[in-house]
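Have a look at the structure below, then the notes.
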Amino acid sequence: MLTIGNFLGGQWANESWGRYWGWDPKETWALISIMVYAFVIHMRLVPGLRGRFAFNWASIFAFASILMTYFGVNFYLTGLHSYASGDQIISYKFIVGSFIAWLIIGHFAKRKYDKYLKK
């Protein structure tokens with residue numbers, strides 16, 4: 001649905017503004033989210049990335065890219081689709097801290113997965 005919405009949005013932009021793509025932060029992050037989800041879907045084709053744990057862990061990262069597309073772009077970055085005009089609601093420290101927390105929680109979850117659930 002995200003991919004379909006992005007392509008239909010490009011068609012609408014061409015009719016409205018005369019161009020398909022403008023490298024606006026919202027459009028760019030929508031493309032990044034599509035690429036992240038495409039990677040998650042295709043992880044099953046890479047032998048080293050197969051498995052339930054890797055898929056679930058990458059899915060959390062993919063969902064975070066959707067959150068960045070909505071909240072980060074709308075309220076943090078400036079562009080055609082922005083509401084805050086660059087007012088910093090989220091700091092870079094919060095983003096880095098969230099990424100580090102994702103890594104730490106993933107590490108402990110992997111240890112527990114290997115101990116109890118791996119066959």
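Note on naming: chains are A, B, ... as they come in the structure tokens, residues start from 1 per chain, ligands start from 1 in the order shown.
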Practice prompt. List every residue of region 5-90 of chain A that DSSP, applied to the backbone of this structure, assigns to alpha helix (DSSP H), and report them as a ChimeraX atom specification.
Written response: /A:5-17,25-42,52-67,73-75
Please report, as JSON lines, each residue of region 46-117 of chain A lying at most 6 Å from region 24-41 of chain A, together with the nearest pair of atoms and the separation in Å rounded to one decimal; use only C-alpha atoms, and order rows by chain and ascending residue number.
```
{"residue": "A:Ala62", "atom": "CA", "partner": "A:Val36", "partner_atom": "CA", "distance": 5.8}
{"residue": "A:Ser65", "atom": "CA", "partner": "A:Ser33", "partner_atom": "CA", "distance": 5.5}
{"residue": "A:Thr69", "atom": "CA", "partner": "A:Trp29", "partner_atom": "CA", "distance": 5.3}
{"residue": "A:Val73", "atom": "CA", "partner": "A:Lys26", "partner_atom": "CA", "distance": 5.9}
{"residue": "A:Gly79", "atom": "CA", "partner": "A:Asp24", "partner_atom": "CA", "distance": 5.8}
```
For all heavy atoms, I'd like the residues from the last selection saved as a tab-separated table (two decimals), in the first residue's frame.
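Heads up, here's the output in part03.tsv:
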```
chain	number	residue	atom	x	y	z
A	62	ALA	N	11.91	-1.17	10.41
A	62	ALA	CA	11.08	-0.70	9.29
A	62	ALA	C	9.92	0.15	9.81
A	62	ALA	O	9.58	1.17	9.21
A	62	ALA	CB	10.57	-1.89	8.49
A	65	SER	N	11.05	3.53	10.52
A	65	SER	CA	11.18	4.39	9.33
A	65	SER	C	9.83	5.00	8.96
A	65	SER	O	9.79	6.14	8.49
A	65	SER	CB	11.75	3.59	8.15
A	65	SER	OG	10.81	2.70	7.62
A	69	THR	N	8.91	8.92	8.80
A	69	THR	CA	8.24	9.52	7.65
A	69	THR	C	7.10	10.42	8.10
A	69	THR	O	6.90	11.50	7.54
A	69	THR	CB	7.71	8.42	6.71
A	69	THR	OG1	8.80	7.62	6.29
A	69	THR	CG2	7.02	9.01	5.50
A	73	VAL	N	9.35	13.97	9.62
A	73	VAL	CA	9.27	14.91	8.49
A	73	VAL	C	8.24	16.00	8.77
A	73	VAL	O	8.48	17.17	8.51
A	73	VAL	CB	8.96	14.15	7.19
A	73	VAL	CG1	8.69	15.11	6.05
A	73	VAL	CG2	10.10	13.23	6.84
A	79	GLY	N	9.91	21.50	4.55
A	79	GLY	CA	9.61	21.09	3.19
A	79	GLY	C	8.18	21.46	2.85
A	79	GLY	O	7.48	22.14	3.60
```
Fill in: Nearest-residue call for Ala58 (chain A), choices A:Leu77, A:Met43, A:Ile4, A:Ala109, using only C-alpha atoms
A:Met43
Item to complete: Go through A:Trp57, A:Tyr116, A:Phe75, A:Phe63 one by one, measure the shortest atom-to-atom distance of each to Leu103 (chain A) using only C-alpha atoms, and give the residue with the smallest value.
Response: A:Trp57
Worksheet entry | Close residues, Gln11 (chain A) itself excluded, 7 Å, only C-alpha atoms, min 4 positions apart in chain, as a PyMOL selection string | chain A and resi 7+15+20
Worksheet item: Leaving out Phe99 (chain A) and any residue of its chain fewer than 5 positions from it, which residues lie within 10 Å of it when counting only C-alpha atoms, given as an MDAnalysis selection string?
Response: chainID A and resid 61 64 93:94 104:105
Practice prompt. For CA of Tyr70 (chain A) and CA of Asn6 (chain A), determine how far apart the two atoms are, in Å to one decimal place.
Written response: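 Calculated distance between CA of Tyr70 (chain A) and CA of Asn6 (chain A) is 13.6 Å.
Considering the residues A:Gly48, A:Tyr92, A:His42, A:Ser98 and counting only C-alpha atoms, Ile60 (chain A) has its shortest atom-to-atom contact with A:Ser98.
Between Phe53 (chain A) and the candidates A:Tyr76, A:Lys110, A:Lys115, A:Leu67, the tightest atom-to-atom separation, counting only C-alpha atoms, involves A:Lys110.
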